[in-house]
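Here's the structure, in structure tokens; my notes come after.
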Amino acid sequence: MYINLSGLNVLLTGGGGDVGKAIASRLAESGATVALHYHKKEKEVESITRLLGNNSRAFSANFVKNEEVGRLVKQVLDEFEEIDVLVNSVGVLLPHSFLEKDEKWLNDWQLILQANLTSSVFLCKKLVEHWLEKKVPGRIINVGSGSALQGEKIDKLSYAVSKAGMIALTRSIARSYAPDGIRSWVLLPGKIKSRLGGSFSQEGDDKGSKKNFRGMEPRDLAPMVAFLCSGLADYASGSTIDVNTGEFFHPA
């Protein structure tokens with residue numbers, strides 16, 4: 001099924017990672033103009049945006065710094081005049097054990113929650129403010145993780161907690177701003193074969209579950225993102241959507 005996203009401006013975070021690049025490619029193929037966020041890999045991401053076409057552009061921001069998160073929204077709005085959809089796909093995984101010294105553990109904990117959760121919340125805040133001021137609708141697609149439901153080994157606790165927070169963020173926005181035409185969803189992918197870093201990534205630790213599914217690739221998540229961008233699922237706003245080839249099931 002071809003989904004036509006022509007005329008839509010999409011701000012996509014985590015563009016330096018495999019998942020972000022796969023989503024950007026699918027959105028551009030569907031006609032969207034993509035504002036592709038990155039922190040590192042400047043030349044690579046700018047090269048990708050040229051291939052995307054549709055006047056897509058790359059924008060840099062370090063999500064550890066909230067002032068850069070706010071600046072990113074302003075830069076994209078100055079360039080494109082409007083942002084119709086926000087896709088929060090950034091994520092950082094930094095294992096750290098309970099046995100580490102308190103100061104280092106707390107620093108790592110705060111870093112992961114800032115990069116994965118606080119920055120996404122702040123992006124949502126800035127865009128909701130903008131949409132309300134302009135009296136226009138908007139859509140937010142948050143990329144979570146199966147870790148939000150299943151938990152993780154203790155050295156990846158911060159990652160699991162940050163992704164669980166995306167569920168509460170999504171539902172709260174959907175409940176609060178439905179009358180204003182603002183929709184939100186959260187996707188919970190399974191284990192994705194991708195590089196750690198620019199987007200989110202996790203290799204499965206559960207060897208038993210691997211027998212039941214082929215393992216996801218970054219491109220497997222992209223069609224669902226395009227579908228939600230289209231407006232065809234606006235009345236499913238607030239939904240938590242499992243995208244995992246049967247690796248796990250959402251509690252009934």
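We label chains A, B, ... in the order they appear in the structure tokens, count residues from 1 in each chain, and number ligands from 1 in the order shown.
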Which residues, written as a PDB file with N, CA and C atoms, in the first residue's frame, have at least one atom at most 6 Å from A:Arg139, with only C-alpha atoms counted and residues fewer than 6 positions away on the same chain left out?
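So the final result, stored in result03.pdb, reads:
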```
ATOM      1  N   VAL A  85       4.767  16.612  12.006  1.00  0.00           N
ATOM      2  CA  VAL A  85       4.934  15.366  12.760  1.00  0.00           C
ATOM      3  C   VAL A  85       6.295  15.377  13.449  1.00  0.00           C
ATOM      4  N   ILE A 182      -4.165  17.101  18.450  1.00  0.00           N
ATOM      5  CA  ILE A 182      -2.791  16.610  18.629  1.00  0.00           C
ATOM      6  C   ILE A 182      -2.860  15.134  19.000  1.00  0.00           C
ATOM      7  N   ARG A 183      -2.221  14.296  18.199  1.00  0.00           N
ATOM      8  CA  ARG A 183      -2.261  12.838  18.370  1.00  0.00           C
ATOM      9  C   ARG A 183      -0.875  12.316  18.749  1.00  0.00           C
ATOM     10  N   SER A 184      -0.841  11.192  19.446  1.00  0.00           N
ATOM     11  CA  SER A 184       0.459  10.598  19.803  1.00  0.00           C
ATOM     12  C   SER A 184       0.335   9.085  19.917  1.00  0.00           C
TER      13      SER A 184
END
```
Exercise for the section: Mind checking which residues fall within 7 Å of A:Gly190, counting only C-alpha atoms, ignoring those fewer than 6 positions away in the same chain, and posting them as a ChimeraX atom specification? Expected result: /A:145-146,216,243-244,247
Write the residues you've just listed into a file as a PDB file, in the first residue's frame, and include N, CA and C atoms for each of them.
```
ATOM      1  N   SER A 145      10.551   0.750  23.431  1.00  0.00           N
ATOM      2  CA  SER A 145      11.283  -0.516  23.367  1.00  0.00           C
ATOM      3  C   SER A 145      10.508  -1.571  24.129  1.00  0.00           C
ATOM      4  N   GLY A 146      10.677  -2.821  23.725  1.00  0.00           N
ATOM      5  CA  GLY A 146      10.099  -3.921  24.490  1.00  0.00           C
ATOM      6  C   GLY A 146      10.618  -3.955  25.915  1.00  0.00           C
ATOM      7  N   MET A 216      14.335  -8.444  14.011  1.00  0.00           N
ATOM      8  CA  MET A 216      13.950  -7.266  13.252  1.00  0.00           C
ATOM      9  C   MET A 216      15.158  -6.555  12.673  1.00  0.00           C
ATOM     10  N   VAL A 243       5.644  -3.835  17.749  1.00  0.00           N
ATOM     11  CA  VAL A 243       6.148  -4.138  16.406  1.00  0.00           C
ATOM     12  C   VAL A 243       7.355  -5.044  16.605  1.00  0.00           C
ATOM     13  N   ASN A 244       7.109  -6.368  16.631  1.00  0.00           N
ATOM     14  CA  ASN A 244       8.192  -7.229  17.108  1.00  0.00           C
ATOM     15  C   ASN A 244       8.207  -8.648  16.556  1.00  0.00           C
ATOM     16  N   GLU A 247       7.888 -11.504  19.104  1.00  0.00           N
ATOM     17  CA  GLU A 247       8.906 -11.706  20.145  1.00  0.00           C
ATOM     18  C   GLU A 247       8.298 -11.606  21.542  1.00  0.00           C
TER      19      GLU A 247
END
```
Exercise for the section: Could you give me, as a PyMOL selection string, each residue of stretch 12-156 of chain A that DSSP assigns to alpha helix (DSSP H) when run on this structure's backbone? Expected result: chain A and resi 18-29+42-52+66-80+102-113+119-134+147-150
Problem - Best match for closeness to A:Leu188 among A:Met224, A:Tyr235, A:Lys153, A:Ile241, counting only C-alpha atoms - result: A:Ile241
Would you tabulate, counting only C-alpha atoms, all residues of stretch 27-68 of chain A that have an atom at most 7 Å from an atom of stretch 102-124 of chain A, showing the closest pair of atoms and their distance in Å to one decimal, sorted by chain then ascending number, as CSV?
```
residue,atom,partner,partner_atom,distance
A:Phe63,CA,A:Ala115,CA,5.3
A:Val64,CA,A:Ala115,CA,5.3
A:Asn66,CA,A:Ser119,CA,6.6
```
Practice task
Pick out the closest residue to A:Ile83 from this set: A:Phe249, A:Ala148, A:Asp234, A:Val128. Count only C-alpha atoms.
Solution key: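 Checking each candidate against A:Ile83, we get A:Val128 as the closest.
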Exercise for the section: Would you please work out which residue, of A:Ser56, A:Asn88, A:Gln75, A:Asn142, is nearest to A:Thr33 when using only C-alpha atoms? Expected result: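 Once distances to A:Thr33 are computed over only C-alpha atoms, the minimum belongs to A:Ser56.
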Exercise for the section: Tell me, as a list in words, which residues lie within 7 Å of A:Trp185, counting only C-alpha atoms; anything in the same chain fewer than 2 positions away does not count. Expected result: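 Counting only C-alpha atoms, the residues come to Ile140, Ile141, Asn142, Thr170, Leu187, Ser237, Gly238, Ser239 and Thr240 of chain A.
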Store the residues picked out above in a file with N, CA and C atoms, as a PDB file, in the first residue's frame.
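Generated output (out01.pdb):
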```
ATOM      1  N   ILE A 140       2.658  13.035  17.055  1.00  0.00           N
ATOM      2  CA  ILE A 140       3.898  12.653  17.726  1.00  0.00           C
ATOM      3  C   ILE A 140       3.988  11.140  17.743  1.00  0.00           C
ATOM      4  N   ILE A 141       5.097  10.626  17.244  1.00  0.00           N
ATOM      5  CA  ILE A 141       5.348   9.179  17.242  1.00  0.00           C
ATOM      6  C   ILE A 141       6.607   8.930  18.048  1.00  0.00           C
ATOM      7  N   ASN A 142       6.458   8.252  19.168  1.00  0.00           N
ATOM      8  CA  ASN A 142       7.581   7.958  20.049  1.00  0.00           C
ATOM      9  C   ASN A 142       8.034   6.514  19.858  1.00  0.00           C
ATOM     10  N   THR A 170       3.370   9.465  25.975  1.00  0.00           N
ATOM     11  CA  THR A 170       2.456   9.317  24.842  1.00  0.00           C
ATOM     12  C   THR A 170       0.997   9.380  25.274  1.00  0.00           C
ATOM     13  N   LEU A 187       5.646   3.261  19.793  1.00  0.00           N
ATOM     14  CA  LEU A 187       5.952   1.970  19.187  1.00  0.00           C
ATOM     15  C   LEU A 187       6.930   1.221  20.079  1.00  0.00           C
ATOM     16  N   SER A 237      -5.074   7.291  18.564  1.00  0.00           N
ATOM     17  CA  SER A 237      -4.136   8.095  19.350  1.00  0.00           C
ATOM     18  C   SER A 237      -4.074   7.596  20.786  1.00  0.00           C
ATOM     19  N   GLY A 238      -2.868   7.586  21.342  1.00  0.00           N
ATOM     20  CA  GLY A 238      -2.637   7.089  22.692  1.00  0.00           C
ATOM     21  C   GLY A 238      -2.257   5.628  22.735  1.00  0.00           C
ATOM     22  N   SER A 239      -2.280   4.961  21.588  1.00  0.00           N
ATOM     23  CA  SER A 239      -2.011   3.527  21.550  1.00  0.00           C
ATOM     24  C   SER A 239      -0.534   3.204  21.755  1.00  0.00           C
ATOM     25  N   THR A 240      -0.313   2.075  22.399  1.00  0.00           N
ATOM     26  CA  THR A 240       1.014   1.466  22.480  1.00  0.00           C
ATOM     27  C   THR A 240       1.026   0.312  21.495  1.00  0.00           C
TER      28      THR A 240
END
```
Practice task
Measuring atom to atom with only C-alpha atoms, identify which of A:Ala28, A:Leu11, A:Val92, A:Ile48 is nearest to A:Glu79.
Solution key: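 Of A:Ala28, A:Leu11, A:Val92, A:Ile48, the one nearest A:Glu79, counting only C-alpha atoms, is A:Leu11.
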Exercise for the section: With a distance cut-off of 12 Å and only C-alpha atoms, select the neighbouring residues of A:Asn9, excluding the residue or stretch itself and same-chain residues fewer than 6 positions from it, and output the selection as a list in words. Expected result: Ala24, Leu27, Ala28, Ser30, Gly31, Ala32, Thr33, Val34, Ala35, Leu36, Asn54, Asn55, Ser56, Arg57, Val76, Leu77, Glu79, Phe80, Glu81, Glu82, Ile83, Asp84, Val85, Leu86, Val87, Gly138, Arg139, Cys229 and Ser230 of chain A
Exercise for the section: Write out as an MDAnalysis selection string the residues lying within 6 Å of A:Lys163, counting only C-alpha atoms and excluding same-chain residues fewer than 2 positions away. Expected result: chainID A and resid 144:145 148 160:161 165:166
Exercise for the section: Between A:Pro223, A:Pro137, A:Gly151, A:Pro179, single out the one closest to A:Leu8, counting only C-alpha atoms. Expected result: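 Closest candidate: A:Pro137.
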Exercise for the section: Calculate how many Å separate atom CA of A:Ser97 from atom CA of A:Tyr159, rounding to one decimal. Expected result: 12.4 Å
Practice task
From stretch 135-251 of chain A, collect each residue whose DSSP state is strand (DSSP E) and return the set as a list in words.
Solution key: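 Listing strand (DSSP E) positions across stretch 135-251 of chain A yields Gly138, Arg139, Ile140, Ile141, Asn142, Val143, Ile182, Arg183, Ser184, Trp185, Val186, Leu187, Leu188, Pro189, Thr240, Ile241, Asp242 and Val243 of chain A.
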Now that the selection is made, can you save its residues with N, CA, C and O atoms as an mmCIF file, in the first residue's frame?
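Printed below is again08.cif as written:
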```cif
data_model
loop_
_atom_site.group_PDB
_atom_site.id
_atom_site.type_symbol
_atom_site.label_atom_id
_atom_site.label_comp_id
_atom_site.auth_asym_id
_atom_site.auth_seq_id
_atom_site.Cartn_x
_atom_site.Cartn_y
_atom_site.Cartn_z
ATOM 1 N N GLY A 138 -1.249 18.300 15.142
ATOM 2 C CA GLY A 138 0.108 17.755 15.098
ATOM 3 C C GLY A 138 0.101 16.294 15.505
ATOM 4 O O GLY A 138 -0.840 15.824 16.166
ATOM 5 N N ARG A 139 1.140 15.589 15.111
ATOM 6 C CA ARG A 139 1.259 14.169 15.452
ATOM 7 C C ARG A 139 2.636 13.905 16.047
ATOM 8 O O ARG A 139 3.642 14.457 15.583
ATOM 9 N N ILE A 140 2.658 13.035 17.055
ATOM 10 C CA ILE A 140 3.898 12.653 17.726
ATOM 11 C C ILE A 140 3.988 11.140 17.743
ATOM 12 O O ILE A 140 3.055 10.452 18.190
ATOM 13 N N ILE A 141 5.097 10.626 17.244
ATOM 14 C CA ILE A 141 5.348 9.179 17.242
ATOM 15 C C ILE A 141 6.607 8.930 18.048
ATOM 16 O O ILE A 141 7.699 9.375 17.685
ATOM 17 N N ASN A 142 6.458 8.252 19.168
ATOM 18 C CA ASN A 142 7.581 7.958 20.049
ATOM 19 C C ASN A 142 8.034 6.514 19.858
ATOM 20 O O ASN A 142 7.209 5.596 19.837
ATOM 21 N N VAL A 143 9.324 6.327 19.719
ATOM 22 C CA VAL A 143 9.879 4.977 19.594
ATOM 23 C C VAL A 143 10.360 4.542 20.965
ATOM 24 O O VAL A 143 11.315 5.094 21.511
ATOM 25 N N ILE A 182 -4.165 17.101 18.450
ATOM 26 C CA ILE A 182 -2.791 16.610 18.629
ATOM 27 C C ILE A 182 -2.860 15.134 19.000
ATOM 28 O O ILE A 182 -3.486 14.758 19.995
ATOM 29 N N ARG A 183 -2.221 14.296 18.199
ATOM 30 C CA ARG A 183 -2.261 12.838 18.370
ATOM 31 C C ARG A 183 -0.875 12.316 18.749
ATOM 32 O O ARG A 183 0.148 12.904 18.375
ATOM 33 N N SER A 184 -0.841 11.192 19.446
ATOM 34 C CA SER A 184 0.459 10.598 19.803
ATOM 35 C C SER A 184 0.335 9.085 19.917
ATOM 36 O O SER A 184 -0.733 8.562 20.279
ATOM 37 N N TRP A 185 1.422 8.416 19.590
ATOM 38 C CA TRP A 185 1.517 6.956 19.671
ATOM 39 C C TRP A 185 2.920 6.593 20.148
ATOM 40 O O TRP A 185 3.866 7.358 19.976
ATOM 41 N N VAL A 186 3.049 5.393 20.706
ATOM 42 C CA VAL A 186 4.373 4.881 21.043
ATOM 43 C C VAL A 186 4.513 3.483 20.440
ATOM 44 O O VAL A 186 3.608 2.657 20.530
ATOM 45 N N LEU A 187 5.646 3.261 19.793
ATOM 46 C CA LEU A 187 5.952 1.970 19.187
ATOM 47 C C LEU A 187 6.930 1.221 20.079
ATOM 48 O O LEU A 187 7.913 1.792 20.554
ATOM 49 N N LEU A 188 6.658 -0.061 20.289
ATOM 50 C CA LEU A 188 7.558 -0.901 21.073
ATOM 51 C C LEU A 188 8.155 -1.974 20.170
ATOM 52 O O LEU A 188 7.551 -3.025 19.959
ATOM 53 N N PRO A 189 9.327 -1.713 19.608
ATOM 54 C CA PRO A 189 9.969 -2.708 18.749
ATOM 55 C C PRO A 189 10.579 -3.839 19.582
ATOM 56 O O PRO A 189 10.820 -3.692 20.783
ATOM 57 N N THR A 240 -0.313 2.075 22.399
ATOM 58 C CA THR A 240 1.014 1.466 22.480
ATOM 59 C C THR A 240 1.026 0.312 21.495
ATOM 60 O O THR A 240 0.245 -0.633 21.622
ATOM 61 N N ILE A 241 1.879 0.403 20.489
ATOM 62 C CA ILE A 241 1.842 -0.546 19.368
ATOM 63 C C ILE A 241 3.095 -1.418 19.393
ATOM 64 O O ILE A 241 4.220 -0.928 19.291
ATOM 65 N N ASP A 242 2.884 -2.718 19.536
ATOM 66 C CA ASP A 242 3.999 -3.671 19.511
ATOM 67 C C ASP A 242 4.364 -3.978 18.068
ATOM 68 O O ASP A 242 3.508 -4.343 17.268
ATOM 69 N N VAL A 243 5.644 -3.835 17.749
ATOM 70 C CA VAL A 243 6.148 -4.138 16.406
ATOM 71 C C VAL A 243 7.355 -5.044 16.605
ATOM 72 O O VAL A 243 8.481 -4.591 16.752
#
```
